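*Asks:* I'm passing along input_0.cif; it holds mmCIF, C-alpha atoms.
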```cif
data_my_file
loop_
_atom_site.group_PDB
_atom_site.id
_atom_site.type_symbol
_atom_site.label_atom_id
_atom_site.label_comp_id
_atom_site.auth_asym_id
_atom_site.auth_seq_id
_atom_site.Cartn_x
_atom_site.Cartn_y
_atom_site.Cartn_z
ATOM 1 C CA MET V 1 -7.468 -31.271 -19.706
ATOM 2 C CA ALA V 2 -8.227 -29.486 -16.445
ATOM 3 C CA PHE V 3 -10.861 -30.980 -14.184
ATOM 4 C CA LYS V 4 -13.050 -28.516 -12.325
ATOM 5 C CA LEU V 5 -14.880 -29.710 -9.278
ATOM 6 C CA LYS V 6 -18.241 -28.047 -8.845
ATOM 7 C CA ILE V 7 -19.349 -27.730 -5.257
ATOM 8 C CA SER V 8 -22.866 -26.550 -4.659
ATOM 9 C CA VAL V 9 -23.638 -23.956 -2.001
ATOM 10 C CA PRO V 10 -25.735 -26.397 0.092
ATOM 11 C CA PHE V 11 -22.745 -28.785 0.177
ATOM 12 C CA ILE V 12 -20.459 -26.028 1.469
ATOM 13 C CA TYR V 13 -23.126 -25.098 4.005
ATOM 14 C CA LEU V 14 -23.254 -28.722 5.132
ATOM 15 C CA ILE V 15 -19.494 -28.785 5.719
ATOM 16 C CA VAL V 16 -19.691 -25.573 7.735
ATOM 17 C CA LEU V 17 -22.612 -26.973 9.715
ATOM 18 C CA VAL V 18 -20.733 -30.170 10.528
ATOM 19 C CA LEU V 19 -17.674 -28.223 11.645
ATOM 20 C CA ALA V 20 -19.786 -25.891 13.759
ATOM 21 C CA THR V 21 -21.772 -28.618 15.494
ATOM 22 C CA GLY V 22 -18.672 -30.704 16.107
ATOM 23 C CA SER V 23 -16.677 -27.869 17.615
ATOM 24 C CA ASN V 24 -18.136 -28.168 21.098
ATOM 25 C CA GLY V 25 -18.421 -31.927 21.142
ATOM 26 C CA GLY V 26 -16.993 -33.704 24.146
ATOM 27 C CA GLY V 27 -15.584 -37.102 24.956
ATOM 28 C CA ILE V 28 -16.222 -39.742 27.600
ATOM 29 C CA SER V 29 -13.644 -40.682 30.233
ATOM 30 C CA ILE V 30 -14.037 -44.007 32.056
ATOM 31 C CA TYR V 31 -12.419 -45.610 35.087
ATOM 32 C CA TRP V 32 -11.330 -49.226 34.629
ATOM 33 C CA GLY V 33 -9.577 -51.591 37.011
ATOM 34 C CA GLN V 34 -11.614 -52.015 40.176
ATOM 35 C CA ASN V 35 -13.781 -54.973 39.184
ATOM 36 C CA GLY V 36 -12.497 -58.163 37.603
ATOM 37 C CA ASN V 37 -15.885 -58.718 35.924
ATOM 38 C CA GLU V 38 -15.860 -55.525 33.838
ATOM 39 C CA GLY V 39 -14.038 -56.959 30.807
ATOM 40 C CA THR V 40 -10.496 -56.425 29.607
ATOM 41 C CA LEU V 41 -8.835 -53.096 28.994
ATOM 42 C CA ALA V 42 -8.596 -53.887 25.275
ATOM 43 C CA ASP V 43 -12.322 -54.675 25.140
ATOM 44 C CA THR V 44 -13.053 -51.412 26.943
ATOM 45 C CA CYS V 45 -11.289 -49.411 24.257
ATOM 46 C CA ALA V 46 -12.748 -51.527 21.449
ATOM 47 C CA THR V 47 -16.262 -50.307 22.327
ATOM 48 C CA GLY V 48 -15.388 -46.970 20.735
ATOM 49 C CA ASN V 49 -17.286 -45.213 23.530
ATOM 50 C CA TYR V 50 -14.349 -43.751 25.421
ATOM 51 C CA GLU V 51 -11.668 -41.203 24.568
ATOM 52 C CA TYR V 52 -9.892 -41.608 27.924
ATOM 53 C CA VAL V 53 -9.418 -44.659 30.148
ATOM 54 C CA ASN V 54 -8.131 -44.243 33.693
ATOM 55 C CA ILE V 55 -6.460 -47.372 35.066
ATOM 56 C CA ALA V 56 -7.462 -47.480 38.730
ATOM 57 C CA PHE V 57 -5.521 -47.421 41.006
ATOM 58 C CA LEU V 58 -1.953 -46.992 42.162
ATOM 59 C CA ALA V 59 -3.373 -47.037 45.674
ATOM 60 C CA THR V 60 -0.202 -47.187 47.783
ATOM 61 C CA PHE V 61 2.632 -44.672 47.460
ATOM 62 C CA GLY V 62 4.442 -41.843 49.189
ATOM 63 C CA ASN V 63 5.769 -41.262 52.699
ATOM 64 C CA GLY V 64 8.337 -44.068 52.398
ATOM 65 C CA GLN V 65 5.889 -46.762 51.283
ATOM 66 C CA THR V 66 6.671 -49.201 48.500
ATOM 67 C CA PRO V 67 4.341 -48.149 45.654
ATOM 68 C CA MET V 68 1.759 -50.795 44.778
ATOM 69 C CA ILE V 69 -0.902 -50.946 42.081
ATOM 70 C CA ASN V 70 -4.271 -52.543 42.831
ATOM 71 C CA LEU V 71 -6.345 -53.750 39.887
ATOM 72 C CA ALA V 72 -8.797 -55.868 41.896
ATOM 73 C CA GLY V 73 -9.497 -59.186 40.138
ATOM 74 C CA HIS V 74 -7.813 -58.307 36.857
ATOM 75 C CA CYS V 75 -4.277 -59.357 37.753
ATOM 76 C CA ASP V 76 -1.882 -59.928 40.649
ATOM 77 C CA PRO V 77 0.834 -57.253 40.816
ATOM 78 C CA TYR V 78 2.682 -59.131 43.563
ATOM 79 C CA SER V 79 3.659 -61.823 41.059
ATOM 80 C CA ASN V 80 4.236 -59.379 38.179
ATOM 81 C CA GLY V 81 0.909 -60.589 36.824
ATOM 82 C CA CYS V 82 -0.137 -57.221 35.386
ATOM 83 C CA THR V 83 2.689 -56.811 32.863
ATOM 84 C CA GLY V 84 0.518 -58.462 30.206
ATOM 85 C CA LEU V 85 -1.600 -55.303 30.146
ATOM 86 C CA SER V 86 1.007 -53.660 27.916
ATOM 87 C CA SER V 87 -0.525 -55.164 24.779
ATOM 88 C CA ASP V 88 -3.963 -53.898 25.851
ATOM 89 C CA ILE V 89 -2.583 -50.419 26.530
ATOM 90 C CA LYS V 90 -0.952 -50.288 23.107
ATOM 91 C CA SER V 91 -4.166 -51.539 21.497
ATOM 92 C CA CYS V 92 -6.085 -48.697 23.149
ATOM 93 C CA GLN V 93 -3.534 -46.083 22.118
ATOM 94 C CA ALA V 94 -3.588 -47.350 18.538
ATOM 95 C CA LYS V 95 -7.310 -46.513 18.542
ATOM 96 C CA GLY V 96 -6.580 -42.976 19.709
ATOM 97 C CA VAL V 97 -7.617 -43.600 23.310
ATOM 98 C CA LYS V 98 -5.493 -41.924 25.987
ATOM 99 C CA VAL V 99 -4.613 -44.392 28.756
ATOM 100 C CA ILE V 100 -3.888 -42.777 32.091
ATOM 101 C CA LEU V 101 -2.762 -44.196 35.447
ATOM 102 C CA SER V 102 -4.993 -43.024 38.280
ATOM 103 C CA ILE V 103 -3.234 -42.622 41.604
ATOM 104 C CA GLY V 104 -5.058 -42.557 44.927
ATOM 105 C CA GLY V 105 -8.681 -43.628 45.103
ATOM 106 C CA GLY V 106 -11.190 -43.740 47.910
ATOM 107 C CA ALA V 107 -9.554 -46.549 49.871
ATOM 108 C CA GLY V 108 -5.824 -46.215 49.256
ATOM 109 C CA SER V 109 -2.847 -45.695 51.538
ATOM 110 C CA TYR V 110 -1.088 -42.625 50.228
ATOM 111 C CA SER V 111 0.282 -39.251 51.222
ATOM 112 C CA LEU V 112 3.199 -36.992 50.419
ATOM 113 C CA ALA V 113 5.499 -36.102 53.313
ATOM 114 C CA SER V 114 7.453 -33.309 51.626
ATOM 115 C CA SER V 115 8.355 -31.701 48.324
ATOM 116 C CA ASP V 116 11.256 -34.142 48.069
ATOM 117 C CA ASP V 117 8.822 -37.033 48.626
ATOM 118 C CA ALA V 118 6.738 -35.650 45.750
ATOM 119 C CA ARG V 119 9.857 -35.569 43.576
ATOM 120 C CA GLN V 120 10.627 -39.208 44.421
ATOM 121 C CA VAL V 121 7.062 -40.287 43.608
ATOM 122 C CA ALA V 122 7.255 -38.405 40.297
ATOM 123 C CA THR V 123 10.526 -40.163 39.479
ATOM 124 C CA TYR V 124 8.941 -43.525 40.318
ATOM 125 C CA LEU V 125 5.930 -42.828 38.082
ATOM 126 C CA TRP V 126 8.137 -41.654 35.217
ATOM 127 C CA SER V 127 10.426 -44.674 35.437
ATOM 128 C CA ASN V 128 7.731 -47.301 35.933
ATOM 129 C CA PHE V 129 4.700 -46.126 33.937
ATOM 130 C CA LEU V 130 5.724 -43.256 31.676
ATOM 131 C CA GLY V 131 8.695 -42.629 29.385
ATOM 132 C CA GLY V 132 11.469 -43.684 31.740
ATOM 133 C CA THR V 133 13.042 -47.089 32.244
ATOM 134 C CA SER V 134 12.879 -49.589 35.088
ATOM 135 C CA SER V 135 13.485 -53.303 35.482
ATOM 136 C CA SER V 136 10.168 -53.709 37.286
ATOM 137 C CA ARG V 137 7.472 -51.867 35.322
ATOM 138 C CA PRO V 138 4.180 -53.148 36.839
ATOM 139 C CA LEU V 139 2.218 -52.831 33.563
ATOM 140 C CA GLY V 140 5.092 -53.833 31.303
ATOM 141 C CA PRO V 141 6.882 -51.724 28.669
ATOM 142 C CA ALA V 142 3.874 -49.746 27.367
ATOM 143 C CA ILE V 143 4.182 -45.998 27.964
ATOM 144 C CA LEU V 144 1.046 -44.514 29.484
ATOM 145 C CA ASP V 145 -0.221 -41.107 28.397
ATOM 146 C CA GLY V 146 -0.337 -39.501 31.816
ATOM 147 C CA ILE V 147 -1.258 -39.496 35.488
ATOM 148 C CA ASP V 148 -4.673 -38.910 37.060
ATOM 149 C CA PHE V 149 -4.872 -37.436 40.570
ATOM 150 C CA ASP V 150 -7.847 -39.089 42.323
ATOM 151 C CA ILE V 151 -6.854 -37.880 45.769
ATOM 152 C CA GLU V 152 -9.575 -38.471 48.340
ATOM 153 C CA GLY V 153 -7.629 -38.785 51.566
ATOM 154 C CA GLY V 154 -4.484 -37.890 53.459
ATOM 155 C CA THR V 155 -3.557 -34.219 53.389
ATOM 156 C CA GLY V 156 -3.728 -31.514 50.744
ATOM 157 C CA GLU V 157 -0.008 -30.860 50.853
ATOM 158 C CA TYR V 158 2.608 -31.273 48.099
ATOM 159 C CA TRP V 159 0.237 -32.413 45.325
ATOM 160 C CA ASP V 160 1.112 -29.182 43.516
ATOM 161 C CA ASP V 161 4.781 -30.202 43.732
ATOM 162 C CA LEU V 162 3.981 -33.633 42.308
ATOM 163 C CA ALA V 163 2.161 -31.987 39.396
ATOM 164 C CA LYS V 164 5.133 -29.700 38.721
ATOM 165 C CA TYR V 165 7.661 -32.542 38.793
ATOM 166 C CA LEU V 166 5.525 -34.746 36.521
ATOM 167 C CA SER V 167 4.878 -31.895 34.114
ATOM 168 C CA GLY V 168 8.622 -31.357 33.844
ATOM 169 C CA TYR V 169 9.012 -34.789 32.256
ATOM 170 C CA SER V 170 7.057 -33.574 29.213
ATOM 171 C CA LYS V 171 10.296 -31.853 28.181
ATOM 172 C CA LYS V 172 11.891 -35.276 27.714
ATOM 173 C CA GLY V 173 9.745 -36.142 24.699
ATOM 174 C CA LYS V 174 6.192 -37.475 24.855
ATOM 175 C CA LYS V 175 3.818 -35.116 26.650
ATOM 176 C CA VAL V 176 2.754 -36.264 30.115
ATOM 177 C CA TYR V 177 -0.945 -35.488 30.460
ATOM 178 C CA LEU V 178 -2.116 -34.530 33.940
ATOM 179 C CA THR V 179 -5.724 -35.134 34.923
ATOM 180 C CA ALA V 180 -7.626 -34.939 38.197
ATOM 181 C CA ALA V 181 -10.893 -36.050 39.789
ATOM 182 C CA PRO V 182 -11.764 -33.495 42.488
ATOM 183 C CA GLN V 183 -15.045 -33.472 44.426
ATOM 184 C CA CYS V 184 -17.537 -30.838 43.260
ATOM 185 C CA PRO V 185 -17.532 -28.680 46.456
ATOM 186 C CA PHE V 186 -15.150 -25.852 45.525
ATOM 187 C CA PRO V 187 -12.253 -25.707 46.184
ATOM 188 C CA ASP V 188 -11.356 -29.374 46.496
ATOM 189 C CA ALA V 189 -10.102 -30.218 49.982
ATOM 190 C CA TRP V 190 -7.116 -32.239 48.776
ATOM 191 C CA ILE V 191 -5.968 -31.013 45.381
ATOM 192 C CA GLY V 192 -7.368 -27.486 45.342
ATOM 193 C CA ASN V 193 -3.877 -25.969 45.437
ATOM 194 C CA ALA V 194 -2.520 -28.355 42.818
ATOM 195 C CA LEU V 195 -5.293 -27.368 40.410
ATOM 196 C CA LYS V 196 -4.264 -23.713 40.714
ATOM 197 C CA THR V 197 -0.943 -24.513 39.019
ATOM 198 C CA GLY V 198 -2.614 -24.575 35.603
ATOM 199 C CA LEU V 199 -0.735 -27.773 34.763
ATOM 200 C CA PHE V 200 -3.790 -30.026 34.457
ATOM 201 C CA ASP V 201 -5.114 -30.846 31.002
ATOM 202 C CA TYR V 202 -8.368 -32.557 31.960
ATOM 203 C CA VAL V 203 -10.290 -32.183 35.212
ATOM 204 C CA TRP V 204 -13.212 -34.583 35.703
ATOM 205 C CA VAL V 205 -15.127 -33.176 38.661
ATOM 206 C CA GLN V 206 -17.076 -35.695 40.758
ATOM 207 C CA PHE V 207 -20.641 -34.374 40.748
ATOM 208 C CA TYR V 208 -21.798 -37.294 42.904
ATOM 209 C CA ASN V 209 -21.770 -38.269 46.580
ATOM 210 C CA ASN V 210 -21.850 -34.509 47.143
ATOM 211 C CA PRO V 211 -25.507 -33.384 47.528
ATOM 212 C CA PRO V 212 -24.732 -29.619 47.815
ATOM 213 C CA CYS V 213 -23.425 -29.448 44.246
ATOM 214 C CA GLN V 214 -24.967 -32.367 42.391
ATOM 215 C CA TYR V 215 -28.149 -32.842 40.373
ATOM 216 C CA SER V 216 -31.181 -34.014 42.301
ATOM 217 C CA SER V 217 -34.838 -34.576 41.456
ATOM 218 C CA ALA V 218 -34.895 -32.444 38.342
ATOM 219 C CA ASP V 219 -33.172 -29.541 40.128
ATOM 220 C CA ILE V 220 -30.170 -28.362 38.138
ATOM 221 C CA ALA V 221 -29.377 -25.145 40.047
ATOM 222 C CA ASN V 222 -26.796 -26.564 42.489
ATOM 223 C CA LEU V 223 -24.917 -28.431 39.768
ATOM 224 C CA GLU V 224 -25.019 -25.483 37.391
ATOM 225 C CA ASP V 225 -23.701 -23.066 40.029
ATOM 226 C CA ALA V 226 -20.844 -25.420 40.879
ATOM 227 C CA TRP V 227 -20.076 -26.000 37.187
ATOM 228 C CA LYS V 228 -19.790 -22.257 36.599
ATOM 229 C CA GLN V 229 -17.378 -21.910 39.493
ATOM 230 C CA TRP V 230 -15.189 -24.784 38.339
ATOM 231 C CA THR V 231 -15.047 -23.572 34.748
ATOM 232 C CA SER V 232 -14.295 -19.980 35.725
ATOM 233 C CA ASP V 233 -11.810 -20.539 38.563
ATOM 234 C CA ILE V 234 -9.699 -23.508 37.451
ATOM 235 C CA PRO V 235 -7.012 -22.909 34.779
ATOM 236 C CA ALA V 236 -7.460 -26.274 33.050
ATOM 237 C CA THR V 237 -7.881 -26.982 29.351
ATOM 238 C CA ASN V 238 -11.055 -29.025 29.779
ATOM 239 C CA ILE V 239 -13.536 -29.618 32.605
ATOM 240 C CA PHE V 240 -15.665 -32.779 32.596
ATOM 241 C CA LEU V 241 -18.955 -33.630 34.293
ATOM 242 C CA GLY V 242 -18.126 -36.648 36.490
ATOM 243 C CA LEU V 243 -21.077 -39.005 37.066
ATOM 244 C CA PRO V 244 -21.938 -42.520 38.267
ATOM 245 C CA ALA V 245 -22.633 -44.785 35.289
ATOM 246 C CA ALA V 246 -25.494 -46.475 37.165
ATOM 247 C CA PRO V 247 -27.568 -45.799 40.300
ATOM 248 C CA ASP V 248 -25.579 -48.410 42.252
ATOM 249 C CA ALA V 249 -22.229 -46.883 41.269
ATOM 250 C CA ALA V 250 -22.470 -44.162 43.930
ATOM 251 C CA GLY V 251 -24.420 -43.229 47.035
ATOM 252 C CA SER V 252 -26.086 -40.346 45.203
ATOM 253 C CA GLY V 253 -25.811 -38.189 42.120
ATOM 254 C CA PHE V 254 -26.922 -40.534 39.330
ATOM 255 C CA ILE V 255 -28.604 -38.600 36.493
ATOM 256 C CA PRO V 256 -31.137 -40.475 34.321
ATOM 257 C CA VAL V 257 -30.201 -40.405 30.627
ATOM 258 C CA ASN V 258 -33.157 -38.248 29.593
ATOM 259 C CA ASP V 259 -32.429 -35.672 32.288
ATOM 260 C CA LEU V 260 -28.762 -35.554 31.304
ATOM 261 C CA THR V 261 -29.379 -35.123 27.596
ATOM 262 C CA SER V 262 -32.362 -32.743 27.793
ATOM 263 C CA LYS V 263 -31.494 -30.599 30.834
ATOM 264 C CA VAL V 264 -27.972 -30.926 32.187
ATOM 265 C CA LEU V 265 -25.777 -31.107 29.087
ATOM 266 C CA PRO V 266 -27.542 -28.215 27.311
ATOM 267 C CA ALA V 267 -26.925 -26.092 30.404
ATOM 268 C CA ILE V 268 -23.166 -26.737 30.590
ATOM 269 C CA LYS V 269 -22.010 -27.377 27.018
ATOM 270 C CA ASN V 270 -21.889 -23.684 26.160
ATOM 271 C CA SER V 271 -18.754 -23.355 28.296
ATOM 272 C CA SER V 272 -15.548 -23.109 26.255
ATOM 273 C CA LYS V 273 -13.938 -25.402 28.829
ATOM 274 C CA TYR V 274 -16.528 -28.162 28.464
ATOM 275 C CA GLY V 275 -14.652 -31.389 27.772
ATOM 276 C CA GLY V 276 -17.274 -34.098 28.145
ATOM 277 C CA VAL V 277 -18.427 -36.619 30.732
ATOM 278 C CA MET V 278 -16.477 -38.851 33.101
ATOM 279 C CA LEU V 279 -18.071 -42.089 34.303
ATOM 280 C CA TRP V 280 -17.439 -44.309 37.289
ATOM 281 C CA SER V 281 -16.937 -47.017 36.222
ATOM 282 C CA LYS V 282 -16.600 -49.531 33.371
ATOM 283 C CA TYR V 283 -18.223 -52.251 35.480
ATOM 284 C CA TYR V 284 -21.329 -50.148 36.110
ATOM 285 C CA ASP V 285 -21.396 -48.882 32.541
ATOM 286 C CA ASN V 286 -21.615 -52.514 31.437
ATOM 287 C CA GLN V 287 -24.716 -52.944 33.594
ATOM 288 C CA SER V 288 -26.480 -49.771 32.471
ATOM 289 C CA GLY V 289 -25.273 -49.098 28.934
ATOM 290 C CA TYR V 290 -25.034 -45.450 30.022
ATOM 291 C CA SER V 291 -22.125 -44.430 27.791
ATOM 292 C CA SER V 292 -23.794 -45.875 24.699
ATOM 293 C CA SER V 293 -27.000 -43.992 25.557
ATOM 294 C CA ILE V 294 -25.312 -40.605 26.003
ATOM 295 C CA LYS V 295 -22.390 -40.729 23.574
ATOM 296 C CA SER V 296 -24.108 -38.939 20.692
ATOM 297 C CA HIS V 297 -25.174 -36.142 23.051
ATOM 298 C CA VAL V 298 -21.838 -35.597 24.828
#
```
What is this structure when it is put down as structure tokens?

*Replies:*
Amino acid sequence: MAFKLKISVPFIYLIVLVLATGSNGGGISIYWGQNGNEGTLADTCATGNYEYVNIAFLATFGNGQTPMINLAGHCDPYSNGCTGLSSDIKSCQAKGVKVILSIGGGAGSYSLASSDDARQVATYLWSNFLGGTSSSRPLGPAILDGIDFDIEGGTGEYWDDLAKYLSGYSKKGKKVYLTAAPQCPFPDAWIGNALKTGLFDYVWVQFYNNPPCQYSSADIANLEDAWKQWTSDIPATNIFLGLPAAPDAAGSGFIPVNDLTSKVLPAIKNSSKYGGVMLWSKYYDNQSGYSSSIKSHV
């Protein structure tokens, strides 16, 4: 006996409505690693608030330096004390969270001396954090999802080469995601050329500590103008609105929740490249509860 499922028109309409409203939904990217009091990486992913977690930072590399990760009070890399993070990384990935290694930072010692130097750094990253093999993987055997370029110093040279070399490793199996955290003045002083390669999947632009292009006192014009330039001129899959998770997280640029949800997000979400919101950082998000307050609006 055949069973016929009757679906009412309103039910079909509801499905269409859900698909339509979910189509331009974004995710939240968070930086973790620079404060030992922000909770574990596994706990960060268990909140369910974040789609991307950037482990910050590989702060020393390039120009002949021995690469060194700095995870503040979380673990001591000098005694191989960070290898235990592998179980946390795998726990995050099992929940569908992409875990990315952020290289650079605001206080690191890094630069690339040549295209060959960029190739060597790419090889190091592949062997020690991605799909390659090494006897001294700082975070243990877990394979990270990609590399984040948070370049805020040194020169603007050869970052495009590093992106090309890293992207090439995607041909060896698991895709290597490339992400970046440029400052909102366009083009970015350090990775402007690298972003032109079109190799970056997610670009979380720092709309803070940059008064000419950030939100201030209910004035959205500067941010909106900068957003339009970033989304029209950068060949990336998704552009994110990078923000401080609390007033103390940056010198300027914090956007109160109500302003973000009622003014800023409605103004930028109509872009086909809108990817969501990036927050600095997990420690400050713990203090403010910002991600929980905005998640349903992102």

*Asks:* Determine, counting only C-alpha atoms, which protein, DNA and RNA residues have an atom within 10 Å of an atom of Pro235 (chain V); residues of the same chain fewer than 3 positions away are not included. Present the result as a list in words.

*Replies:*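 Once the nearby chain positions are removed, what remains is Leu195, Lys196, Thr197, Gly198, Leu199, Phe200, Asp201, Val203, Trp230, Thr231, Ser232, Asn238, Ile239 and Lys273 of chain V.
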
*Asks:* Applying the PyMOL selection byres ((chain V and resi 128) around 10) to the file I just gave you, which residues come out? Please list them as a CSV table (one decimal) with C-alpha atoms, in the frame of the given file.

*Replies:*
```
chain,number,residue,atom,x,y,z
V,122,ALA,CA,7.3,-38.4,40.3
V,123,THR,CA,10.5,-40.2,39.5
V,124,TYR,CA,8.9,-43.5,40.3
V,125,LEU,CA,5.9,-42.8,38.1
V,126,TRP,CA,8.1,-41.7,35.2
V,127,SER,CA,10.4,-44.7,35.4
V,129,PHE,CA,4.7,-46.1,33.9
V,130,LEU,CA,5.7,-43.3,31.7
V,131,GLY,CA,8.7,-42.6,29.4
V,132,GLY,CA,11.5,-43.7,31.7
V,133,THR,CA,13.0,-47.1,32.2
V,134,SER,CA,12.9,-49.6,35.1
V,135,SER,CA,13.5,-53.3,35.5
V,136,SER,CA,10.2,-53.7,37.3
V,137,ARG,CA,7.5,-51.9,35.3
V,138,PRO,CA,4.2,-53.1,36.8
V,139,LEU,CA,2.2,-52.8,33.6
V,140,GLY,CA,5.1,-53.8,31.3
V,141,PRO,CA,6.9,-51.7,28.7
V,142,ALA,CA,3.9,-49.7,27.4
V,143,ILE,CA,4.2,-46.0,28.0
V,144,LEU,CA,1.0,-44.5,29.5
```

*Asks:* Got a sec to resolve the PyMOL selection byres ((chain V and resi 177) around 8) on this structure and send the residues as a list in words?

*Replies:*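 Evaluating the PyMOL selection byres ((chain V and resi 177) around 8) on these coordinates yields Asp145, Gly146, Ile147, Ser167, Lys175, Val176, Leu178, Thr179, Phe200 and Asp201 of chain V.
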
*Asks:* Store the residues picked out above, limited to C-alpha atoms, as a CSV table (one decimal), keeping the file's coordinate frame.

*Replies:*
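out.csv was written with the following content:
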```
chain,number,residue,atom,x,y,z
V,145,ASP,CA,-0.2,-41.1,28.4
V,146,GLY,CA,-0.3,-39.5,31.8
V,147,ILE,CA,-1.3,-39.5,35.5
V,167,SER,CA,4.9,-31.9,34.1
V,175,LYS,CA,3.8,-35.1,26.6
V,176,VAL,CA,2.8,-36.3,30.1
V,178,LEU,CA,-2.1,-34.5,33.9
V,179,THR,CA,-5.7,-35.1,34.9
V,200,PHE,CA,-3.8,-30.0,34.5
V,201,ASP,CA,-5.1,-30.8,31.0
```

*Asks:* Pick out the residues sitting within 9 Å of region 56-69 of chain V, and hand them over as number ranges by chain; count all atoms listed in the file, and ignore anything fewer than 6 positions along from it in its own chain.

*Replies:* V: 31-34, 77-78, 100-114, 117-118, 120-121, 124, 138, 150

*Asks:* Using CA of Pro247 (chain V) and CA of Cys45 (chain V) as the two end points, give the distance in Å to one decimal.

*Replies:*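 So the answer is 23.1 Å.
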
*Asks:* Quick one, how far is CA of Ala218 (chain V) from CA of Asp259 (chain V)?

*Replies:* 7.3 Å

*Asks:* Quick check, in Å to one decimal: how far apart do CA of Gly251 (chain V) and CA of Tyr284 (chain V) lie?

*Replies:* 13.3 Å

*Asks:* Hey, can you pull every residue with an atom no more than 8 Å from (-3.8, -56.1, 34.2), using all atoms listed in the file, and send it as a list in words?

*Replies:*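 Returned residue set, sorted by chain then number, is Gly33, Leu41, Leu71, His74, Cys75, Asp76, Gly81, Cys82, Thr83, Gly84, Leu85 and Leu139 of chain V.
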
*Asks:* Using only C-alpha atoms, pick whichever of V:Ala189, V:Leu260, V:Ala250, V:Ala194 has the shortest atom-to-atom distance to Ser217 (chain V).

*Replies:* V:Leu260

*Asks:* Tell me which of V:Pro266, V:Pro244, V:Gly39, V:Gly26 sits closest to Asp88 (chain V), counting all atoms listed in the file.

*Replies:*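 For Asp88 (chain V), the nearest of the candidates is V:Gly39.
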
*Asks:* Taking the file as shown, find all residues satisfying the PyMOL selection byres ((chain V and resi 289) around 12) and write them as a PyMOL selection string.

*Replies:* chain V and resi 47+49+244-246+256-257+279+281-288+290-295

*Asks:* Considering all atoms listed in the file, state which residue in the set V:Asn222, V:Asn35, V:Ser29, V:Tyr215 is at the smallest distance from Ala249 (chain V).

*Replies:*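 Once distances to Ala249 (chain V) are computed over all atoms listed in the file, the minimum belongs to V:Asn35.
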
*Asks:* Select, from V:Cys92, V:Ile191, V:Ile268, V:Leu243, the residue with the minimum atom-to-atom distance to Gln229 (chain V), counting only C-alpha atoms.

*Replies:*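 Of the candidates, the smallest distance to Gln229 (chain V) is held by V:Ile268.
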
*Asks:* With all atoms listed in the file as the atoms that count, which of V:Trp204, V:Phe254, V:Tyr165, V:Phe186 lies nearest to Phe149 (chain V)?

*Replies:*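 Checking each of V:Trp204, V:Phe254, V:Tyr165, V:Phe186 against Phe149 (chain V), counting all atoms listed in the file, the winner is V:Trp204.
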